[in-house]
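Asks: This is start-v2.pdb (PDB, C-alpha atoms).
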```pdb
ATOM      1  CA  MET R   1     208.020  59.844  78.352
ATOM      2  CA  SER R   2     205.605  59.979  75.413
ATOM      3  CA  VAL R   3     201.852  59.537  75.047
ATOM      4  CA  LEU R   4     200.709  56.541  72.998
ATOM      5  CA  ASN R   5     198.232  57.263  70.227
ATOM      6  CA  ARG R   6     195.520  54.864  69.068
ATOM      7  CA  ASP R   7     197.734  53.042  66.578
ATOM      8  CA  GLN R   8     200.562  52.629  69.082
ATOM      9  CA  ILE R   9     198.164  51.282  71.718
ATOM     10  CA  LYS R  10     196.884  48.699  69.250
ATOM     11  CA  GLN R  11     200.465  47.651  68.499
ATOM     12  CA  VAL R  12     201.185  46.805  72.154
ATOM     13  CA  LEU R  13     197.786  45.245  72.944
ATOM     14  CA  GLY R  14     198.175  41.639  74.002
ATOM     15  CA  GLU R  15     201.780  42.148  75.090
ATOM     16  CA  SER R  16     202.733  45.311  76.995
ATOM     17  CA  VAL R  17     199.058  46.137  77.544
ATOM     18  CA  ILE R  18     196.307  43.558  78.081
ATOM     19  CA  ILE R  19     192.691  44.571  78.664
ATOM     20  CA  HIS R  20     189.807  42.195  79.186
ATOM     21  CA  PRO R  21     186.988  42.322  78.333
ATOM     22  CA  TYR R  22     188.208  44.472  75.452
ATOM     23  CA  GLU R  23     185.920  46.550  73.199
ATOM     24  CA  GLU R  24     187.349  48.189  70.084
ATOM     25  CA  LYS R  25     184.827  51.043  70.347
ATOM     26  CA  ASN R  26     186.280  52.062  73.711
ATOM     27  CA  LEU R  27     189.752  52.619  72.230
ATOM     28  CA  LYS R  28     190.061  56.345  71.517
ATOM     29  CA  GLY R  29     192.652  58.665  69.981
ATOM     30  CA  ILE R  30     195.065  58.583  72.921
ATOM     31  CA  GLY R  31     193.420  56.329  75.474
ATOM     32  CA  TYR R  32     190.948  53.655  76.437
ATOM     33  CA  ASN R  33     187.572  54.136  78.162
ATOM     34  CA  PHE R  34     186.815  51.859  81.122
ATOM     35  CA  ARG R  35     183.312  50.820  82.190
ATOM     36  CA  VAL R  36     181.445  50.738  85.486
ATOM     37  CA  GLY R  37     181.662  47.176  86.777
ATOM     38  CA  PRO R  38     179.324  45.095  88.958
ATOM     39  CA  MET R  39     180.548  46.454  92.315
ATOM     40  CA  ALA R  40     180.297  49.846  93.992
ATOM     41  CA  TRP R  41     180.279  50.877  97.644
ATOM     42  CA  SER R  42     179.342  54.003  99.547
ATOM     43  CA  ALA R  43     182.264  55.702 101.283
ATOM     44  CA  ASN R  44     179.796  57.159 103.804
ATOM     45  CA  THR R  45     177.935  54.012 104.840
ATOM     46  CA  LYS R  46     180.623  51.431 103.899
ATOM     47  CA  LYS R  47     177.803  49.417 102.307
ATOM     48  CA  GLN R  48     177.124  48.181  98.784
ATOM     49  CA  LEU R  49     175.261  50.685  96.632
ATOM     50  CA  ASP R  50     171.800  49.606  95.554
ATOM     51  CA  VAL R  51     171.334  48.461  91.960
ATOM     52  CA  VAL R  52     168.151  49.620  90.231
ATOM     53  CA  GLN R  53     166.647  48.873  86.850
ATOM     54  CA  LYS R  54     165.246  51.763  84.859
ATOM     55  CA  ASP R  55     164.353  52.385  81.226
ATOM     56  CA  GLY R  56     166.718  50.057  79.432
ATOM     57  CA  TYR R  57     169.608  50.271  81.850
ATOM     58  CA  ARG R  58     170.799  49.307  85.325
ATOM     59  CA  ALA R  59     172.569  51.673  87.647
ATOM     60  CA  PHE R  60     174.014  52.253  91.088
ATOM     61  CA  LEU R  61     172.294  54.964  93.123
ATOM     62  CA  VAL R  62     174.789  57.494  94.487
ATOM     63  CA  ASN R  63     173.404  59.786  97.196
ATOM     64  CA  PRO R  64     174.240  63.495  97.464
ATOM     65  CA  ASP R  65     177.628  64.268  99.063
ATOM     66  CA  ASP R  66     178.609  60.611  98.906
ATOM     67  CA  VAL R  67     181.606  59.020  97.228
ATOM     68  CA  ALA R  68     181.089  55.852  95.197
ATOM     69  CA  LEU R  69     183.990  53.399  95.234
ATOM     70  CA  VAL R  70     183.573  51.752  91.848
ATOM     71  CA  MET R  71     185.247  48.623  90.504
ATOM     72  CA  THR R  72     185.805  48.637  86.756
ATOM     73  CA  ARG R  73     184.410  45.833  84.644
ATOM     74  CA  GLU R  74     187.748  45.525  82.848
ATOM     75  CA  CYS R  75     190.928  44.032  84.189
ATOM     76  CA  ILE R  76     194.189  45.467  82.861
ATOM     77  CA  SER R  77     197.847  44.541  82.996
ATOM     78  CA  VAL R  78     200.802  46.639  81.829
ATOM     79  CA  ASP R  79     204.473  45.740  81.779
ATOM     80  CA  GLY R  80     207.433  47.821  82.986
ATOM     81  CA  THR R  81     207.436  50.023  79.864
ATOM     82  CA  ILE R  82     203.914  51.398  80.275
ATOM     83  CA  ALA R  83     202.379  53.820  82.796
ATOM     84  CA  GLY R  84     199.133  55.734  82.712
ATOM     85  CA  THR R  85     196.943  58.515  84.042
ATOM     86  CA  PHE R  86     193.167  58.451  84.476
ATOM     87  CA  HIS R  87     190.907  61.296  83.407
ATOM     88  CA  SER R  88     187.219  62.138  83.729
ATOM     89  CA  LYS R  89     184.717  61.820  80.913
ATOM     90  CA  VAL R  90     182.753  64.967  80.146
ATOM     91  CA  ASP R  91     179.397  63.177  80.002
ATOM     92  CA  LYS R  92     179.763  62.057  83.634
ATOM     93  CA  VAL R  93     181.181  65.294  85.036
ATOM     94  CA  SER R  94     178.463  67.334  83.320
ATOM     95  CA  THR R  95     175.740  65.421  85.186
ATOM     96  CA  GLY R  96     177.239  66.260  88.584
ATOM     97  CA  PHE R  97     179.905  63.640  89.227
ATOM     98  CA  SER R  98     183.351  64.781  90.361
ATOM     99  CA  HIS R  99     186.516  64.874  88.302
ATOM    100  CA  ILE R 100     188.744  61.792  88.369
ATOM    101  CA  SER R 101     192.525  61.948  88.405
ATOM    102  CA  THR R 102     194.841  59.149  89.454
ATOM    103  CA  THR R 103     197.696  57.077  88.049
ATOM    104  CA  LEU R 104     198.540  53.593  86.793
ATOM    105  CA  ASP R 105     201.943  52.248  87.778
ATOM    106  CA  PRO R 106     204.095  50.043  85.528
ATOM    107  CA  ASN R 107     203.675  46.292  86.131
ATOM    108  CA  TRP R 108     200.079  46.639  87.325
ATOM    109  CA  ILE R 109     197.533  43.826  86.964
ATOM    110  CA  GLY R 110     193.932  43.687  88.103
ATOM    111  CA  PRO R 111     190.634  45.564  87.921
ATOM    112  CA  LEU R 112     190.643  49.225  88.945
ATOM    113  CA  LEU R 113     189.042  50.887  91.976
ATOM    114  CA  ILE R 114     187.884  54.397  91.120
ATOM    115  CA  ALA R 115     186.412  56.954  93.528
ATOM    116  CA  ILE R 116     183.781  59.279  92.085
ATOM    117  CA  ALA R 117     181.688  61.750  94.116
ATOM    118  CA  ASN R 118     178.136  63.016  93.690
ATOM    119  CA  GLN R 119     178.397  66.799  93.908
ATOM    120  CA  LYS R 120     174.694  67.431  93.372
ATOM    121  CA  ASN R 121     171.990  67.813  96.031
ATOM    122  CA  HIS R 122     170.017  64.875  94.637
ATOM    123  CA  THR R 123     170.682  61.204  93.918
ATOM    124  CA  LEU R 124     172.534  60.393  90.696
ATOM    125  CA  ASP R 125     172.459  57.235  88.582
ATOM    126  CA  LEU R 126     175.823  55.682  87.773
ATOM    127  CA  ARG R 127     174.962  53.363  84.919
ATOM    128  CA  ILE R 128     176.497  49.916  85.014
ATOM    129  CA  ASP R 129     178.569  49.056  81.911
ATOM    130  CA  ASP R 130     178.756  52.735  80.869
ATOM    131  CA  THR R 131     182.235  54.144  80.292
ATOM    132  CA  PHE R 132     183.182  56.669  82.980
ATOM    133  CA  ILE R 133     186.986  57.101  82.933
ATOM    134  CA  THR R 134     189.679  57.358  80.270
ATOM    135  CA  LEU R 135     193.147  55.855  80.713
ATOM    136  CA  ILE R 136     195.933  57.652  78.851
ATOM    137  CA  PHE R 137     198.979  55.441  78.161
ATOM    138  CA  TYR R 138     202.601  56.612  78.364
ATOM    139  CA  LYS R 139     205.744  54.945  77.104
ATOM    140  CA  VAL R 140     208.352  55.069  79.870
ATOM    141  CA  THR R 141     211.856  53.842  80.441
ATOM    142  CA  GLU R 142     211.513  50.206  81.427
ATOM    143  CA  SER R 143     211.033  49.869  85.148
ATOM    144  CA  GLN R 144     211.694  46.918  87.411
ATOM    145  CA  TYR R 145     209.543  48.592  90.034
ATOM    146  CA  GLY R 146     207.325  46.067  91.691
ATOM    147  CA  HIS R 147     204.441  47.230  93.859
ATOM    148  CA  SER R 148     202.471  45.195  96.363
ATOM    149  CA  ASN R 149     199.103  46.825  95.664
ATOM    150  CA  PRO R 150     196.459  44.156  95.035
ATOM    151  CA  GLY R 151     194.188  44.315  92.005
ATOM    152  CA  GLY R 152     191.004  46.235  92.694
ATOM    153  CA  ARG R 153     192.803  47.936  95.623
ATOM    154  CA  THR R 154     191.049  45.737  98.146
ATOM    155  CA  ASP R 155     193.603  47.028 100.667
ATOM    156  CA  ILE R 156     192.005  50.494 100.439
ATOM    157  CA  LEU R 157     188.542  49.003 100.899
ATOM    158  CA  GLN R 158     189.718  47.211 104.030
ATOM    159  CA  LYS R 159     191.268  50.378 105.470
ATOM    160  CA  LEU R 160     187.977  52.192 104.931
ATOM    161  CA  GLY R 161     186.071  49.429 106.685
ATOM    162  CA  VAL R 162     184.382  48.210 103.500
ATOM    163  CA  GLU R 163     183.928  44.457 103.234
ATOM    164  CA  ALA R 164     183.283  42.633  99.980
ATOM    165  CA  SER R 165     180.523  40.047 100.096
ATOM    166  CA  GLU R 166     181.139  36.379  99.333
ATOM    167  CA  ARG R 167     179.882  36.820  95.767
ATOM    168  CA  GLU R 168     182.054  39.911  95.249
ATOM    169  CA  THR R 169     185.122  38.171  96.651
ATOM    170  CA  GLU R 170     184.523  35.265  94.289
ATOM    171  CA  TRP R 171     184.410  37.714  91.356
ATOM    172  CA  LEU R 172     187.675  39.352  92.428
ATOM    173  CA  ARG R 173     189.448  36.010  92.891
ATOM    174  CA  GLN R 174     188.835  34.741  89.375
ATOM    175  CA  GLU R 175     192.290  33.663  88.169
ATOM    176  CA  TRP R 176     192.362  35.841  85.068
ATOM    177  CA  ARG R 177     191.874  38.951  87.202
ATOM    178  CA  HIS R 178     195.245  38.507  88.900
ATOM    179  CA  ASN R 179     197.249  36.122  86.693
ATOM    180  CA  ILE R 180     198.798  37.558  83.540
ATOM    181  CA  ILE R 181     198.890  34.216  81.672
ATOM    182  CA  SER R 182     195.167  33.627  82.253
ATOM    183  CA  LEU R 183     194.383  37.278  81.445
ATOM    184  CA  LYS R 184     196.228  37.060  78.127
ATOM    185  CA  GLU R 185     194.352  33.866  77.236
ATOM    186  CA  CYS R 186     191.011  35.540  77.970
ATOM    187  CA  PHE R 187     192.022  38.527  75.830
ATOM    188  CA  GLU R 188     193.127  36.364  72.900
ATOM    189  CA  GLN R 189     190.090  34.093  73.043
ATOM    190  CA  ASN R 190     187.706  36.964  73.840
ATOM    191  CA  PHE R 191     186.032  34.975  76.624
ATOM    192  CA  GLU R 192     182.815  36.490  77.910
ATOM    193  CA  ASP R 193     182.860  37.614  81.541
ATOM    194  CA  VAL R 194     179.587  35.891  82.414
ATOM    195  CA  ASP R 195     180.264  36.238  86.146
ATOM    196  CA  THR R 196     179.927  40.023  85.800
ATOM    197  CA  PHE R 197     176.369  39.800  84.491
ATOM    198  CA  ALA R 198     175.493  37.144  87.070
ATOM    199  CA  LEU R 199     176.728  39.406  89.879
ATOM    200  CA  VAL R 200     174.713  42.376  88.599
ATOM    201  CA  GLU R 201     171.582  40.200  88.425
ATOM    202  CA  PHE R 202     172.202  38.994  91.978
ATOM    203  CA  LYS R 203     172.584  42.561  93.264
ATOM    204  CA  LEU R 204     169.448  43.697  91.448
ATOM    205  CA  LYS R 205     167.504  40.846  93.037
ATOM    206  CA  LYS R 206     168.815  41.728  96.510
ATOM    207  CA  THR R 207     167.809  45.375  96.049
ATOM    208  CA  LYS R 208     164.280  44.357  95.025
ATOM    209  CA  GLU R 209     164.020  41.996  97.998
ATOM    210  CA  LYS R 210     165.145  44.757 100.365
ATOM    211  CA  LYS R 211     162.618  47.213  98.957
ATOM    212  CA  TRP R 212     159.842  44.635  99.229
ATOM    213  CA  TYR R 213     160.833  43.831 102.812
ATOM    214  CA  TYR R 214     160.683  47.468 103.924
ATOM    215  CA  ARG R 215     157.446  48.083 102.024
ATOM    216  CA  LYS R 216     155.850  45.019 103.593
ATOM    217  CA  ARG R 217     157.069  45.988 107.061
ATOM    218  CA  ALA R 218     155.621  49.483 106.647
ATOM    219  CA  TRP R 219     152.217  48.125 105.680
ATOM    220  CA  VAL R 220     152.243  45.643 108.561
ATOM    221  CA  THR R 221     153.094  48.463 110.974
ATOM    222  CA  ILE R 222     150.271  50.642 109.654
ATOM    223  CA  ALA R 223     147.784  47.759 109.804
ATOM    224  CA  THR R 224     148.830  46.947 113.365
ATOM    225  CA  LEU R 225     148.416  50.555 114.502
ATOM    226  CA  VAL R 226     144.985  50.775 112.888
ATOM    227  CA  PHE R 227     144.008  47.541 114.632
ATOM    228  CA  VAL R 228     145.206  48.915 117.976
ATOM    229  CA  LEU R 229     143.183  52.109 117.502
ATOM    230  CA  LEU R 230     140.019  50.217 116.550
ATOM    231  CA  ALA R 231     140.441  47.685 119.343
ATOM    232  CA  GLY R 232     141.200  50.463 121.787
ATOM    233  CA  GLY R 233     138.032  52.242 120.754
ATOM    234  CA  ALA R 234     136.028  49.056 121.299
ATOM    235  CA  GLY R 235     137.658  48.589 124.706
ATOM    236  CA  TYR R 236     136.847  52.180 125.613
ATOM    237  CA  LEU R 237     133.179  51.571 124.847
ATOM    238  CA  TRP R 238     133.332  48.435 126.934
ATOM    239  CA  LEU R 239     134.551  50.495 129.865
ATOM    240  CA  GLU R 240     131.045  51.871 130.246
ATOM    241  CA  HIS R 241     129.761  48.378 131.097
ATOM    242  CA  ASP R 242     132.703  46.840 132.968
ATOM    243  CA  SER R 243     135.791  49.003 133.551
ATOM    244  CA  GLU R 244     138.057  46.175 134.740
ATOM    245  CA  ILE R 245     137.354  43.945 131.726
ATOM    246  CA  GLY R 246     137.644  46.888 129.377
ATOM    247  CA  LEU R 247     141.049  47.896 130.718
ATOM    248  CA  PHE R 248     142.246  44.287 130.555
ATOM    249  CA  VAL R 249     141.098  43.953 126.934
ATOM    250  CA  VAL R 250     142.803  47.208 125.886
ATOM    251  CA  ALA R 251     146.057  46.381 127.711
ATOM    252  CA  THR R 252     146.155  42.857 126.250
ATOM    253  CA  ILE R 253     145.569  44.036 122.684
ATOM    254  CA  VAL R 254     148.118  46.851 122.876
ATOM    255  CA  ALA R 255     150.751  44.625 124.516
ATOM    256  CA  GLY R 256     150.201  41.894 121.923
ATOM    257  CA  ALA R 257     150.438  44.317 119.033
ATOM    258  CA  LEU R 258     153.582  46.024 120.325
ATOM    259  CA  GLY R 259     155.136  42.641 121.100
ATOM    260  CA  GLY R 260     154.446  41.492 117.541
ATOM    261  CA  LEU R 261     156.066  44.628 116.115
ATOM    262  CA  ALA R 262     159.128  44.204 118.317
ATOM    263  CA  GLN R 263     159.488  40.583 117.222
ATOM    264  CA  ARG R 264     159.359  41.582 113.555
ATOM    265  CA  GLU R 265     161.999  44.258 114.146
ATOM    266  CA  PHE R 266     164.246  41.678 115.810
ATOM    267  CA  ARG R 267     163.855  39.262 112.894
ATOM    268  CA  GLY R 268     164.590  42.049 110.438
ATOM    269  CA  GLN R 269     167.887  42.894 112.164
ATOM    270  CA  SER R 270     169.100  39.329 112.608
TER     271      SER R 270
END
```
The structure given in the file should be rewritten as structure tokens.
Replies:
Amino acid sequence: MSVLNRDQIKQVLGESVIIHPYEEKNLKGIGYNFRVGPMAWSANTKKQLDVVQKDGYRAFLVNPDDVALVMTRECISVDGTIAGTFHSKVDKVSTGFSHISTTLDPNWIGPLLIAIANQKNHTLDLRIDDTFITLIFYKVTESQYGHSNPGGRTDILQKLGVEASERETEWLRQEWRHNIISLKECFEQNFEDVDTFALVEFKLKKTKEKKWYYRKRAWVTIATLVFVLLAGGAGYLWLEHDSEIGLFVVATIVAGALGGLAQREFRGQS
């Protein structure tokens, strides 16, 4: 078994090794750097990680002591003569992300699911479309080994209780992400993976909507409580003139306010 250098990797690109979308700048001396794709889930919550937009970039937010299950933007296929190992990039590990070490079997096709942990005590940004792992290629004796692992390791996600959304499933089921003929055509024609950018935009929009919803609900709750306090104060003053009416007014206002809050909570959970 021997490691392929840059020139040898280029010689087998399009045949023994197919990567799409392919970027020449990500081909290094003895490997290829893969990028953070449009999907990432929390291993703790089993939910999609939020996408945020910051100064010139978009990123997933990874909480402390959580593991992000990240789908690569690229899809790769290798034939029976190629295997690989994945390694961490220093720029990611140095910010607090864990080391990455796993393998690529011969005859693999599909995007890659990579687990990376936040080892810091604060939230870390995992920038979308940044490179975060390096795949080292090895020339091996040709293998007829055929595995049943699906591209993107959706079987692992299912075992963990993580469910891909309809939009994510649509992304994963694109023909070129699991069919070698379609993948090779995309590589040769350098087709743009427009669905990746569309999915990131969709996730960013959903994150903004969620933040706005919780912010709005907080303000409504505060306003309702202030109203209850003011109305309760007015009812208390009324007690001096007519205790029965005053108590009725206070009870009606409080019950109405609490009922309104409960109804909003119900709508928010449905």
Asks: Name every residue that the PyMOL selection byres ((chain R and resi 79) around 7) selects in this structure, writing the answer as a list in words with chains first and numbers rising.
Replies: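 Evaluating the PyMOL selection byres ((chain R and resi 79) around 7) on this file yields Ser16, Val17, Ser77, Val78, Gly80, Thr81, Ile82, Pro106 and Asn107 of chain R.
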Asks: Using all atoms listed in the file, pick whichever of R:Gly161, R:Phe187, R:Thr196, R:Ile133 has the shortest atom-to-atom distance to Gln174 in chain R.
Replies: R:Thr196
Asks: Given the file shown, enumerate the residues that the PyMOL selection byres ((chain R and resi 203) around 12) captures and present them as a VMD selection string.
Replies: chain R and resid 38 to 40 48 to 53 58 to 60 128 165 167 to 168 196 to 202 204 to 210
Asks: Just how far from CA of Arg127 in chain R is CA of Tyr57 in chain R, in Å to one decimal?
Replies: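 That distance, rounded to one decimal, is 6.9 Å.
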Asks: Hey, can you pull every residue with an atom no more than 12 Å from (182.5, 62.5, 82.3), using only C-alpha atoms, and send it as a PyMOL selection string?
Replies: chain R and resi 33-35+86-101+116-117+126+130-134
Asks: Might you pull out every residue within 10 Å of range 23-31 of chain R, with all atoms listed in the file counted and same-chain residues fewer than 3 positions away left off, and present them as number ranges by chain?
Replies: R: 3-10, 19-20, 34-35, 74, 84-87, 131, 133-138, 190
Asks: Fewer than 3 positions away in the same chain doesn't count, so skip those; otherwise give me all residues within 8 Å of Gly151 in chain R, counting all atoms listed in the file, as a PyMOL selection string.
Replies: chain R and resi 108-112+154+177-178
Asks: Could the residues in this selection be saved with C-alpha atoms as a compact mmCIF listing (two decimals), in the frame of the given file?
Replies:
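Output below, filename again.txt:
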```txt
# COMPACT_ATOMS: atom_id res chain seq x y z
CA TRP R 108 200.08 46.64 87.32
CA ILE R 109 197.53 43.83 86.96
CA GLY R 110 193.93 43.69 88.10
CA PRO R 111 190.63 45.56 87.92
CA LEU R 112 190.64 49.22 88.94
CA THR R 154 191.05 45.74 98.15
CA ARG R 177 191.87 38.95 87.20
CA HIS R 178 195.24 38.51 88.90
```
Asks: Decode the PyMOL selection byres ((chain R and resi 160) around 12) for the given file into explicit residues and return them as a tab-separated table (two decimals) with C-alpha atoms, keeping the file's coordinate frame.
Replies:
```tsv
chain	number	residue	atom	x	y	z
R	41	TRP	CA	180.28	50.88	97.64
R	42	SER	CA	179.34	54.00	99.55
R	43	ALA	CA	182.26	55.70	101.28
R	44	ASN	CA	179.80	57.16	103.80
R	45	THR	CA	177.94	54.01	104.84
R	46	LYS	CA	180.62	51.43	103.90
R	47	LYS	CA	177.80	49.42	102.31
R	69	LEU	CA	183.99	53.40	95.23
R	153	ARG	CA	192.80	47.94	95.62
R	154	THR	CA	191.05	45.74	98.15
R	155	ASP	CA	193.60	47.03	100.67
R	156	ILE	CA	192.00	50.49	100.44
R	157	LEU	CA	188.54	49.00	100.90
R	158	GLN	CA	189.72	47.21	104.03
R	159	LYS	CA	191.27	50.38	105.47
R	161	GLY	CA	186.07	49.43	106.68
R	162	VAL	CA	184.38	48.21	103.50
R	163	GLU	CA	183.93	44.46	103.23
R	164	ALA	CA	183.28	42.63	99.98
```
Asks: Which residue is closest to Glu15 in chain R? Choose from R:Met1, R:Met71, R:Ile76, R:Leu104 and count all atoms listed in the file.
Replies: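 Answer, going by the shortest atom-to-atom distance: R:Ile76.
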Asks: Between CA of Leu113 in chain R and CA of Thr72 in chain R, measure the distance and give it in Å to one decimal.
Replies: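 Between CA of Leu113 in chain R and CA of Thr72 in chain R the gap is 6.5 Å.
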Asks: Any idea what the distance is between CA of Asp129 in chain R and CA of Val36 in chain R?
Replies: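 Computing it gives 4.9 Å between the two atoms.
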Asks: List the neighbours of Trp176 in chain R out to 9 Å using only C-alpha atoms; skip same-chain residues closer than 6 positions along the sequence, and give me the result as a ChimeraX atom specification.
Replies: /R:75,110,182-186
Asks: Export range 26-46 of chain R, N, CA and C atoms, as a PDB file, in the first residue's frame; it's the structure right above.
Replies:
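What follows is the written file part.pdb:
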```pdb
ATOM      1  N   ASN R  26      -7.949  22.884  -3.493  1.00  0.00           N
ATOM      2  CA  ASN R  26      -8.091  21.994  -2.343  1.00  0.00           C
ATOM      3  C   ASN R  26      -7.289  20.699  -2.488  1.00  0.00           C
ATOM      4  N   LEU R  27      -6.639  20.523  -3.639  1.00  0.00           N
ATOM      5  CA  LEU R  27      -5.749  19.380  -3.840  1.00  0.00           C
ATOM      6  C   LEU R  27      -4.371  19.742  -3.291  1.00  0.00           C
ATOM      7  N   LYS R  28      -3.911  18.974  -2.307  1.00  0.00           N
ATOM      8  CA  LYS R  28      -2.652  19.282  -1.630  1.00  0.00           C
ATOM      9  C   LYS R  28      -1.568  18.263  -2.001  1.00  0.00           C
ATOM     10  N   GLY R  29      -0.470  18.292  -1.270  1.00  0.00           N
ATOM     11  CA  GLY R  29       0.681  17.452  -1.614  1.00  0.00           C
ATOM     12  C   GLY R  29       0.372  15.969  -1.619  1.00  0.00           C
ATOM     13  N   ILE R  30      -0.381  15.502  -0.611  1.00  0.00           N
ATOM     14  CA  ILE R  30      -0.715  14.074  -0.557  1.00  0.00           C
ATOM     15  C   ILE R  30      -2.194  13.854  -0.213  1.00  0.00           C
ATOM     16  N   GLY R  31      -3.024  14.824  -0.510  1.00  0.00           N
ATOM     17  CA  GLY R  31      -4.435  14.631  -0.170  1.00  0.00           C
ATOM     18  C   GLY R  31      -5.324  15.710  -0.745  1.00  0.00           C
ATOM     19  N   TYR R  32      -6.592  15.624  -0.361  1.00  0.00           N
ATOM     20  CA  TYR R  32      -7.585  16.589  -0.832  1.00  0.00           C
ATOM     21  C   TYR R  32      -8.386  17.074   0.372  1.00  0.00           C
ATOM     22  N   ASN R  33      -8.611  18.383   0.447  1.00  0.00           N
ATOM     23  CA  ASN R  33      -9.362  18.991   1.550  1.00  0.00           C
ATOM     24  C   ASN R  33     -10.850  19.076   1.211  1.00  0.00           C
ATOM     25  N   PHE R  34     -11.682  18.544   2.097  1.00  0.00           N
ATOM     26  CA  PHE R  34     -13.132  18.572   1.916  1.00  0.00           C
ATOM     27  C   PHE R  34     -13.750  19.704   2.733  1.00  0.00           C
ATOM     28  N   ARG R  35     -14.887  20.219   2.218  1.00  0.00           N
ATOM     29  CA  ARG R  35     -15.527  21.392   2.814  1.00  0.00           C
ATOM     30  C   ARG R  35     -16.787  21.041   3.610  1.00  0.00           C
ATOM     31  N   VAL R  36     -17.097  21.915   4.552  1.00  0.00           N
ATOM     32  CA  VAL R  36     -18.343  21.802   5.316  1.00  0.00           C
ATOM     33  C   VAL R  36     -19.516  22.038   4.371  1.00  0.00           C
ATOM     34  N   GLY R  37     -20.430  21.088   4.323  1.00  0.00           N
ATOM     35  CA  GLY R  37     -21.578  21.184   3.433  1.00  0.00           C
ATOM     36  C   GLY R  37     -22.760  21.897   4.059  1.00  0.00           C
ATOM     37  N   PRO R  38     -23.951  21.758   3.478  1.00  0.00           N
ATOM     38  CA  PRO R  38     -25.119  22.521   3.916  1.00  0.00           C
ATOM     39  C   PRO R  38     -25.905  21.880   5.057  1.00  0.00           C
ATOM     40  N   MET R  39     -25.408  20.735   5.584  1.00  0.00           N
ATOM     41  CA  MET R  39     -26.148  20.032   6.630  1.00  0.00           C
ATOM     42  C   MET R  39     -25.251  19.683   7.799  1.00  0.00           C
ATOM     43  N   ALA R  40     -25.763  19.910   9.001  1.00  0.00           N
ATOM     44  CA  ALA R  40     -25.059  19.510  10.225  1.00  0.00           C
ATOM     45  C   ALA R  40     -26.095  19.366  11.331  1.00  0.00           C
ATOM     46  N   TRP R  41     -25.910  18.327  12.145  1.00  0.00           N
ATOM     47  CA  TRP R  41     -26.854  18.052  13.233  1.00  0.00           C
ATOM     48  C   TRP R  41     -26.113  17.960  14.553  1.00  0.00           C
ATOM     49  N   SER R  42     -26.832  18.225  15.625  1.00  0.00           N
ATOM     50  CA  SER R  42     -26.288  18.077  16.968  1.00  0.00           C
ATOM     51  C   SER R  42     -26.473  16.640  17.431  1.00  0.00           C
ATOM     52  N   ALA R  43     -25.407  16.015  17.914  1.00  0.00           N
ATOM     53  CA  ALA R  43     -25.515  14.662  18.448  1.00  0.00           C
ATOM     54  C   ALA R  43     -26.255  14.662  19.779  1.00  0.00           C
ATOM     55  N   ASN R  44     -26.236  15.797  20.481  1.00  0.00           N
ATOM     56  CA  ASN R  44     -26.924  15.891  21.775  1.00  0.00           C
ATOM     57  C   ASN R  44     -28.429  16.032  21.613  1.00  0.00           C
ATOM     58  N   THR R  45     -28.845  16.970  20.766  1.00  0.00           N
ATOM     59  CA  THR R  45     -30.275  17.271  20.635  1.00  0.00           C
ATOM     60  C   THR R  45     -30.945  16.508  19.500  1.00  0.00           C
ATOM     61  N   LYS R  46     -30.140  15.940  18.586  1.00  0.00           N
ATOM     62  CA  LYS R  46     -30.646  15.244  17.391  1.00  0.00           C
ATOM     63  C   LYS R  46     -31.328  16.208  16.416  1.00  0.00           C
TER      64      LYS R  46
END
```
